[in-house]
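Source file target.cif; content: mmCIF, C-alpha atoms; chains and numbers go by the auth columns.
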```cif
data_target
loop_
_atom_site.group_PDB
_atom_site.id
_atom_site.type_symbol
_atom_site.label_atom_id
_atom_site.label_comp_id
_atom_site.label_asym_id
_atom_site.label_seq_id
_atom_site.Cartn_x
_atom_site.Cartn_y
_atom_site.Cartn_z
_atom_site.B_iso_or_equiv
_atom_site.auth_seq_id
_atom_site.auth_asym_id
ATOM 1 C CA MET A 1 203.340 87.571 40.832 0.00 1 B
ATOM 2 C CA LYS A 2 200.264 85.898 39.376 0.00 2 B
ATOM 3 C CA PRO A 3 200.606 82.563 37.599 0.00 3 B
ATOM 4 C CA LEU A 4 200.052 82.436 33.861 0.00 4 B
ATOM 5 C CA ARG A 5 196.299 82.485 33.222 0.00 5 B
ATOM 6 C CA ARG A 6 196.333 80.231 30.140 0.00 6 B
ATOM 7 C CA GLN A 7 198.403 77.325 31.442 0.00 7 B
ATOM 8 C CA ASP A 8 197.476 75.318 28.336 0.00 8 B
ATOM 9 C CA ARG A 9 199.493 77.762 26.221 0.00 9 B
ATOM 10 C CA GLN A 10 202.515 78.021 28.502 0.00 10 B
ATOM 11 C CA LEU A 11 205.915 77.447 26.919 0.00 11 B
ATOM 12 C CA SER A 12 208.418 75.230 28.696 0.00 12 B
ATOM 13 C CA PRO A 13 211.464 77.023 30.134 0.00 13 B
ATOM 14 C CA GLN A 14 213.559 75.625 27.268 0.00 14 B
ATOM 15 C CA GLU A 15 211.086 76.877 24.633 0.00 15 B
ATOM 16 C CA ALA A 16 210.980 80.307 26.264 0.00 16 B
ATOM 17 C CA LEU A 17 214.788 80.549 26.227 0.00 17 B
ATOM 18 C CA GLN A 18 214.890 79.426 22.579 0.00 18 B
ATOM 19 C CA LEU A 19 212.457 82.180 21.626 0.00 19 B
ATOM 20 C CA LEU A 20 214.475 84.709 23.617 0.00 20 B
ATOM 21 C CA GLU A 21 217.733 83.605 22.011 0.00 21 B
ATOM 22 C CA GLY A 22 216.322 83.693 18.476 0.00 22 B
ATOM 23 C CA GLY A 23 214.325 86.908 18.742 0.00 23 B
ATOM 24 C CA GLU A 24 215.060 89.800 16.414 0.00 24 B
ATOM 25 C CA TYR A 25 214.298 92.589 18.877 0.00 25 B
ATOM 26 C CA GLY A 26 212.669 93.083 22.247 0.00 26 B
ATOM 27 C CA ILE A 27 210.805 95.779 24.146 0.00 27 B
ATOM 28 C CA VAL A 28 212.424 96.896 27.383 0.00 28 B
ATOM 29 C CA SER A 29 209.847 98.438 29.726 0.00 29 B
ATOM 30 C CA THR A 30 210.493 100.725 32.655 0.00 30 B
ATOM 31 C CA VAL A 31 208.626 103.150 34.903 0.00 31 B
ATOM 32 C CA ASP A 32 209.651 106.756 35.474 0.00 32 B
ATOM 33 C CA ALA A 33 209.676 108.685 38.759 0.00 33 B
ATOM 34 C CA ALA A 34 206.056 109.807 38.193 0.00 34 B
ATOM 35 C CA GLY A 35 204.908 106.206 37.665 0.00 35 B
ATOM 36 C CA GLN A 36 204.533 106.554 33.884 0.00 36 B
ATOM 37 C CA PRO A 37 205.306 103.294 32.032 0.00 37 B
ATOM 38 C CA TYR A 38 207.703 103.470 29.096 0.00 38 B
ATOM 39 C CA GLY A 39 208.619 100.750 26.593 0.00 39 B
ATOM 40 C CA VAL A 40 211.232 100.994 23.876 0.00 40 B
ATOM 41 C CA PRO A 41 212.352 98.454 21.247 0.00 41 B
ATOM 42 C CA VAL A 42 216.008 97.411 21.307 0.00 42 B
ATOM 43 C CA ASN A 43 218.295 94.998 19.500 0.00 43 B
ATOM 44 C CA TYR A 44 219.728 92.554 22.013 0.00 44 B
ATOM 45 C CA VAL A 45 221.806 89.471 22.548 0.00 45 B
ATOM 46 C CA LEU A 46 221.479 86.712 25.116 0.00 46 B
ATOM 47 C CA LYS A 47 224.897 86.510 26.773 0.00 47 B
ATOM 48 C CA LYS A 48 225.939 84.609 29.882 0.00 48 B
ATOM 49 C CA GLY A 49 222.299 84.163 30.879 0.00 49 B
ATOM 50 C CA CYS A 50 221.533 87.896 30.601 0.00 50 B
ATOM 51 C CA ILE A 51 219.953 90.121 27.967 0.00 51 B
ATOM 52 C CA ASP A 52 222.473 92.712 26.761 0.00 52 B
ATOM 53 C CA PHE A 53 221.718 95.726 24.565 0.00 53 B
ATOM 54 C CA HIS A 54 223.444 98.942 23.567 0.00 54 B
ATOM 55 C CA SER A 55 222.198 102.456 24.125 0.00 55 B
ATOM 56 C CA ALA A 56 223.087 106.084 23.746 0.00 56 B
ATOM 57 C CA THR A 57 224.769 107.608 26.776 0.00 57 B
ATOM 58 C CA GLU A 58 221.638 109.376 28.019 0.00 58 B
ATOM 59 C CA GLY A 59 217.884 109.400 27.514 0.00 59 B
ATOM 60 C CA HIS A 60 214.481 108.553 28.915 0.00 60 B
ATOM 61 C CA LYS A 61 215.106 104.836 29.486 0.00 61 B
ATOM 62 C CA ILE A 62 218.408 105.519 31.232 0.00 62 B
ATOM 63 C CA ASP A 63 216.690 108.027 33.519 0.00 63 B
ATOM 64 C CA ASN A 64 214.128 105.324 34.271 0.00 64 B
ATOM 65 C CA PHE A 65 216.856 102.741 34.981 0.00 65 B
ATOM 66 C CA GLN A 66 218.135 105.124 37.661 0.00 66 B
ATOM 67 C CA ASN A 67 214.604 105.525 39.057 0.00 67 B
ATOM 68 C CA SER A 68 214.093 101.780 39.447 0.00 68 B
ATOM 69 C CA GLY A 69 216.458 98.977 38.597 0.00 69 B
ATOM 70 C CA LEU A 70 213.529 96.689 37.760 0.00 70 B
ATOM 71 C CA VAL A 71 212.491 96.127 34.141 0.00 71 B
ATOM 72 C CA SER A 72 210.486 93.790 31.969 0.00 72 B
ATOM 73 C CA PHE A 73 211.495 92.648 28.516 0.00 73 B
ATOM 74 C CA CYS A 74 209.119 91.265 25.880 0.00 74 B
ATOM 75 C CA VAL A 75 209.884 89.354 22.691 0.00 75 B
ATOM 76 C CA VAL A 76 207.273 88.322 20.134 0.00 76 B
ATOM 77 C CA GLY A 77 208.256 85.562 17.736 0.00 77 B
ATOM 78 C CA GLU A 78 206.243 84.203 14.817 0.00 78 B
ATOM 79 C CA THR A 79 202.686 85.482 14.406 0.00 79 B
ATOM 80 C CA GLU A 80 199.906 84.772 11.938 0.00 80 B
ATOM 81 C CA VAL A 81 196.466 86.369 11.938 0.00 81 B
ATOM 82 C CA ILE A 82 193.715 83.838 11.190 0.00 82 B
ATOM 83 C CA PRO A 83 190.757 86.074 10.270 0.00 83 B
ATOM 84 C CA GLU A 84 188.215 83.301 9.678 0.00 84 B
ATOM 85 C CA LYS A 85 188.746 82.052 13.241 0.00 85 B
ATOM 86 C CA LEU A 86 189.063 85.533 14.783 0.00 86 B
ATOM 87 C CA THR A 87 192.371 84.584 16.362 0.00 87 B
ATOM 88 C CA THR A 88 196.120 84.848 15.954 0.00 88 B
ATOM 89 C CA ARG A 89 198.820 82.215 16.146 0.00 89 B
ATOM 90 C CA TYR A 90 201.647 83.656 18.220 0.00 90 B
ATOM 91 C CA GLU A 91 204.566 83.004 20.502 0.00 91 B
ATOM 92 C CA SER A 92 205.895 85.453 23.060 0.00 92 B
ATOM 93 C CA ILE A 93 207.932 85.694 26.215 0.00 93 B
ATOM 94 C CA ILE A 94 208.236 88.209 29.031 0.00 94 B
ATOM 95 C CA VAL A 95 211.317 88.469 31.214 0.00 95 B
ATOM 96 C CA PHE A 96 211.285 90.129 34.614 0.00 96 B
ATOM 97 C CA GLY A 97 214.645 91.247 35.931 0.00 97 B
ATOM 98 C CA SER A 98 216.951 93.965 37.085 0.00 98 B
ATOM 99 C CA ILE A 99 219.189 96.215 35.043 0.00 99 B
ATOM 100 C CA SER A 100 222.913 96.818 35.369 0.00 100 B
ATOM 101 C CA GLU A 101 225.537 98.380 33.140 0.00 101 B
ATOM 102 C CA ARG A 102 228.346 96.488 31.447 0.00 102 B
ATOM 103 C CA VAL A 103 231.670 98.330 31.431 0.00 103 B
ATOM 104 C CA GLY A 104 235.224 97.599 30.339 0.00 104 B
ATOM 105 C CA THR A 105 235.808 94.167 28.849 0.00 105 B
ATOM 106 C CA GLY A 106 232.202 93.119 29.499 0.00 106 B
ATOM 107 C CA LYS A 107 230.957 96.065 27.439 0.00 107 B
ATOM 108 C CA THR A 108 233.273 95.225 24.541 0.00 108 B
ATOM 109 C CA GLU A 109 232.301 91.542 24.653 0.00 109 B
ATOM 110 C CA SER A 110 228.601 92.440 24.551 0.00 110 B
ATOM 111 C CA LEU A 111 229.048 94.853 21.636 0.00 111 B
ATOM 112 C CA THR A 112 231.013 92.163 19.781 0.00 112 B
ATOM 113 C CA ALA A 113 228.227 89.643 20.432 0.00 113 B
ATOM 114 C CA LEU A 114 225.682 92.139 19.052 0.00 114 B
ATOM 115 C CA VAL A 115 227.745 92.549 15.872 0.00 115 B
ATOM 116 C CA GLU A 116 228.020 88.765 15.533 0.00 116 B
ATOM 117 C CA LYS A 117 224.241 88.383 15.905 0.00 117 B
ATOM 118 C CA TYR A 118 223.086 91.203 13.631 0.00 118 B
ATOM 119 C CA ALA A 119 225.962 91.584 11.145 0.00 119 B
ATOM 120 C CA PRO A 120 227.863 88.273 11.087 0.00 120 B
ATOM 121 C CA LYS A 121 229.357 88.973 7.651 0.00 121 B
ATOM 122 C CA HIS A 122 230.610 92.396 8.766 0.00 122 B
ATOM 123 C CA THR A 123 232.504 91.687 11.979 0.00 123 B
ATOM 124 C CA GLU A 124 235.590 93.627 10.884 0.00 124 B
ATOM 125 C CA VAL A 125 233.535 96.773 10.252 0.00 125 B
ATOM 126 C CA GLY A 126 231.723 96.129 13.529 0.00 126 B
ATOM 127 C CA GLN A 127 234.972 95.948 15.485 0.00 127 B
ATOM 128 C CA LYS A 128 236.122 99.246 13.964 0.00 128 B
ATOM 129 C CA SER A 129 232.791 100.813 14.949 0.00 129 B
ATOM 130 C CA ILE A 130 233.126 99.502 18.510 0.00 130 B
ATOM 131 C CA GLN A 131 236.608 101.016 18.751 0.00 131 B
ATOM 132 C CA SER A 132 235.641 104.373 17.245 0.00 132 B
ATOM 133 C CA SER A 133 232.299 104.952 18.967 0.00 133 B
ATOM 134 C CA GLY A 134 232.593 102.893 22.141 0.00 134 B
ATOM 135 C CA SER A 135 232.778 106.003 24.323 0.00 135 B
ATOM 136 C CA GLU A 136 229.468 107.202 22.851 0.00 136 B
ATOM 137 C CA THR A 137 227.745 103.918 23.639 0.00 137 B
ATOM 138 C CA ARG A 138 226.573 102.306 26.844 0.00 138 B
ATOM 139 C CA VAL A 139 225.703 98.644 27.293 0.00 139 B
ATOM 140 C CA PHE A 140 223.051 97.472 29.715 0.00 140 B
ATOM 141 C CA SER A 141 222.306 93.983 30.914 0.00 141 B
ATOM 142 C CA ILE A 142 219.053 92.531 32.223 0.00 142 B
ATOM 143 C CA SER A 143 219.308 89.666 34.677 0.00 143 B
ATOM 144 C CA ILE A 144 216.671 87.031 34.051 0.00 144 B
ATOM 145 C CA ASP A 145 214.938 86.730 37.409 0.00 145 B
ATOM 146 C CA ARG A 146 211.809 85.174 35.880 0.00 146 B
ATOM 147 C CA ILE A 147 210.736 84.281 32.355 0.00 147 B
ATOM 148 C CA THR A 148 207.283 83.316 31.148 0.00 148 B
ATOM 149 C CA GLY A 149 206.193 82.397 27.675 0.00 149 B
ATOM 150 C CA LYS A 150 203.097 81.317 25.870 0.00 150 B
ATOM 151 C CA ALA A 151 202.030 80.378 22.389 0.00 151 B
ATOM 152 C CA LEU A 152 199.017 79.489 20.303 0.00 152 B
ATOM 153 C CA LYS A 153 200.265 77.274 17.518 0.00 153 B
#
```
Here is the file; what I need is its structure written in the form of structure tokens.
Amino acid sequence: MKPLRRQDRQLSPQEALQLLEGGEYGIVSTVDAAGQPYGVPVNYVLKKGCIDFHSATEGHKIDNFQNSGLVSFCVVGETEVIPEKLTTRYESIIVFGSISERVGTGKTESLTALVEKYAPKHTEVGQKSIQSSGSETRVFSISIDRITGKALK
């Protein structure tokens, strides 16, 4: 893999993890059997050093996970267009890793963590939803094999 071209904008590993942990959503990218790239936004949580997200039980991204277990995951943090300078302030990270599925207790723990991140004042409702629709939901986990980040502040 090539090194980051703009080394002067590279985030430290700690800064990259902070952006990943605090991000609102990310784009998980895959490739299908014909080589066609596919990216889809997902809500996620950083749990036990992995990126966990929920999904329907079938679909394009799941087909792609079965084609190749390798994925990338992108999060963009704060941005600000600066028209007079023809530039943008930004911060972003890209994770490279492999995908696996969480099942059983791990699945429930990840769904609970998602509720705590996105609906912290509604955990009781979230737990009821997990119990009632858990069989209609899958949870996937991305190992963080490599993470890069950069920013223009």
I'd like the neighbourhood of region 62-78 of chain B as a PDB file with C-alpha atoms, in the frame of the given file, where a residue qualifies if any of its atoms comes within 10 Å (using all atoms listed in the file), though same-chain residues fewer than 4 positions away should be ignored.
```
ATOM      1  CA  ALA B  16     210.980  80.307  26.264  1.00  0.00           C
ATOM      2  CA  LEU B  19     212.457  82.180  21.626  1.00  0.00           C
ATOM      3  CA  LEU B  20     214.475  84.709  23.617  1.00  0.00           C
ATOM      4  CA  GLU B  21     217.733  83.605  22.011  1.00  0.00           C
ATOM      5  CA  GLY B  22     216.322  83.693  18.476  1.00  0.00           C
ATOM      6  CA  GLY B  23     214.325  86.908  18.742  1.00  0.00           C
ATOM      7  CA  GLU B  24     215.060  89.800  16.414  1.00  0.00           C
ATOM      8  CA  TYR B  25     214.298  92.589  18.877  1.00  0.00           C
ATOM      9  CA  GLY B  26     212.669  93.083  22.247  1.00  0.00           C
ATOM     10  CA  ILE B  27     210.805  95.779  24.146  1.00  0.00           C
ATOM     11  CA  VAL B  28     212.424  96.896  27.383  1.00  0.00           C
ATOM     12  CA  SER B  29     209.847  98.438  29.726  1.00  0.00           C
ATOM     13  CA  THR B  30     210.493 100.725  32.655  1.00  0.00           C
ATOM     14  CA  VAL B  31     208.626 103.150  34.903  1.00  0.00           C
ATOM     15  CA  ASP B  32     209.651 106.756  35.474  1.00  0.00           C
ATOM     16  CA  ALA B  33     209.676 108.685  38.759  1.00  0.00           C
ATOM     17  CA  ALA B  34     206.056 109.807  38.193  1.00  0.00           C
ATOM     18  CA  GLY B  35     204.908 106.206  37.665  1.00  0.00           C
ATOM     19  CA  GLN B  36     204.533 106.554  33.884  1.00  0.00           C
ATOM     20  CA  PRO B  37     205.306 103.294  32.032  1.00  0.00           C
ATOM     21  CA  TYR B  38     207.703 103.470  29.096  1.00  0.00           C
ATOM     22  CA  GLY B  39     208.619 100.750  26.593  1.00  0.00           C
ATOM     23  CA  VAL B  40     211.232 100.994  23.876  1.00  0.00           C
ATOM     24  CA  PRO B  41     212.352  98.454  21.247  1.00  0.00           C
ATOM     25  CA  VAL B  42     216.008  97.411  21.307  1.00  0.00           C
ATOM     26  CA  ILE B  51     219.953  90.121  27.967  1.00  0.00           C
ATOM     27  CA  SER B  55     222.198 102.456  24.125  1.00  0.00           C
ATOM     28  CA  ALA B  56     223.087 106.084  23.746  1.00  0.00           C
ATOM     29  CA  THR B  57     224.769 107.608  26.776  1.00  0.00           C
ATOM     30  CA  GLU B  58     221.638 109.376  28.019  1.00  0.00           C
ATOM     31  CA  ARG B  89     198.820  82.215  16.146  1.00  0.00           C
ATOM     32  CA  TYR B  90     201.647  83.656  18.220  1.00  0.00           C
ATOM     33  CA  GLU B  91     204.566  83.004  20.502  1.00  0.00           C
ATOM     34  CA  SER B  92     205.895  85.453  23.060  1.00  0.00           C
ATOM     35  CA  ILE B  93     207.932  85.694  26.215  1.00  0.00           C
ATOM     36  CA  ILE B  94     208.236  88.209  29.031  1.00  0.00           C
ATOM     37  CA  VAL B  95     211.317  88.469  31.214  1.00  0.00           C
ATOM     38  CA  PHE B  96     211.285  90.129  34.614  1.00  0.00           C
ATOM     39  CA  GLY B  97     214.645  91.247  35.931  1.00  0.00           C
ATOM     40  CA  SER B  98     216.951  93.965  37.085  1.00  0.00           C
ATOM     41  CA  ILE B  99     219.189  96.215  35.043  1.00  0.00           C
ATOM     42  CA  SER B 100     222.913  96.818  35.369  1.00  0.00           C
ATOM     43  CA  GLU B 101     225.537  98.380  33.140  1.00  0.00           C
ATOM     44  CA  ARG B 138     226.573 102.306  26.844  1.00  0.00           C
ATOM     45  CA  PHE B 140     223.051  97.472  29.715  1.00  0.00           C
ATOM     46  CA  ILE B 142     219.053  92.531  32.223  1.00  0.00           C
ATOM     47  CA  SER B 143     219.308  89.666  34.677  1.00  0.00           C
ATOM     48  CA  ILE B 144     216.671  87.031  34.051  1.00  0.00           C
ATOM     49  CA  ASP B 145     214.938  86.730  37.409  1.00  0.00           C
ATOM     50  CA  ARG B 146     211.809  85.174  35.880  1.00  0.00           C
ATOM     51  CA  ILE B 147     210.736  84.281  32.355  1.00  0.00           C
ATOM     52  CA  THR B 148     207.283  83.316  31.148  1.00  0.00           C
ATOM     53  CA  GLY B 149     206.193  82.397  27.675  1.00  0.00           C
ATOM     54  CA  LYS B 150     203.097  81.317  25.870  1.00  0.00           C
ATOM     55  CA  ALA B 151     202.030  80.378  22.389  1.00  0.00           C
ATOM     56  CA  LYS B 153     200.265  77.274  17.518  1.00  0.00           C
TER      57      LYS B 153
END
```
Exercise for review: Rounded to one decimal place, report the CA of Asp52 (chain B)-CA of Ile130 (chain B) distance in Å.
Suggested key: 15.1 Å
Review point. Between CA of Glu116 (chain B) and CA of Gly104 (chain B), what is the distance, to one decimal in Å?
Key: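 Spanning CA of Glu116 (chain B) to CA of Gly104 (chain B) is a straight-line distance of 18.7 Å.
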Review point. Any idea what the distance is between CA of Gly126 (chain B) and CA of Thr112 (chain B)?
Key: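 Computing it gives 7.4 Å between the two atoms.
Residue neighbourhood of Thr108 (chain B), excluding near-sequence residues (fewer than 3 positions): B:Arg102, B:Val103, B:Gly104, B:Thr105, B:Leu111, B:Thr112, B:Ala113, B:Ile130, B:Gln131, B:Gly134, B:Val139, at 9 Å, using only C-alpha atoms.
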Generate the output file for the selected residues, C-alpha atoms, as a PDB file, in the coordinates of the input.
```pdb
ATOM      1  CA  ARG B 102     228.346  96.488  31.447  1.00  0.00           C
ATOM      2  CA  VAL B 103     231.670  98.330  31.431  1.00  0.00           C
ATOM      3  CA  GLY B 104     235.224  97.599  30.339  1.00  0.00           C
ATOM      4  CA  THR B 105     235.808  94.167  28.849  1.00  0.00           C
ATOM      5  CA  LEU B 111     229.048  94.853  21.636  1.00  0.00           C
ATOM      6  CA  THR B 112     231.013  92.163  19.781  1.00  0.00           C
ATOM      7  CA  ALA B 113     228.227  89.643  20.432  1.00  0.00           C
ATOM      8  CA  ILE B 130     233.126  99.502  18.510  1.00  0.00           C
ATOM      9  CA  GLN B 131     236.608 101.016  18.751  1.00  0.00           C
ATOM     10  CA  GLY B 134     232.593 102.893  22.141  1.00  0.00           C
ATOM     11  CA  VAL B 139     225.703  98.644  27.293  1.00  0.00           C
TER      12      VAL B 139
END
```
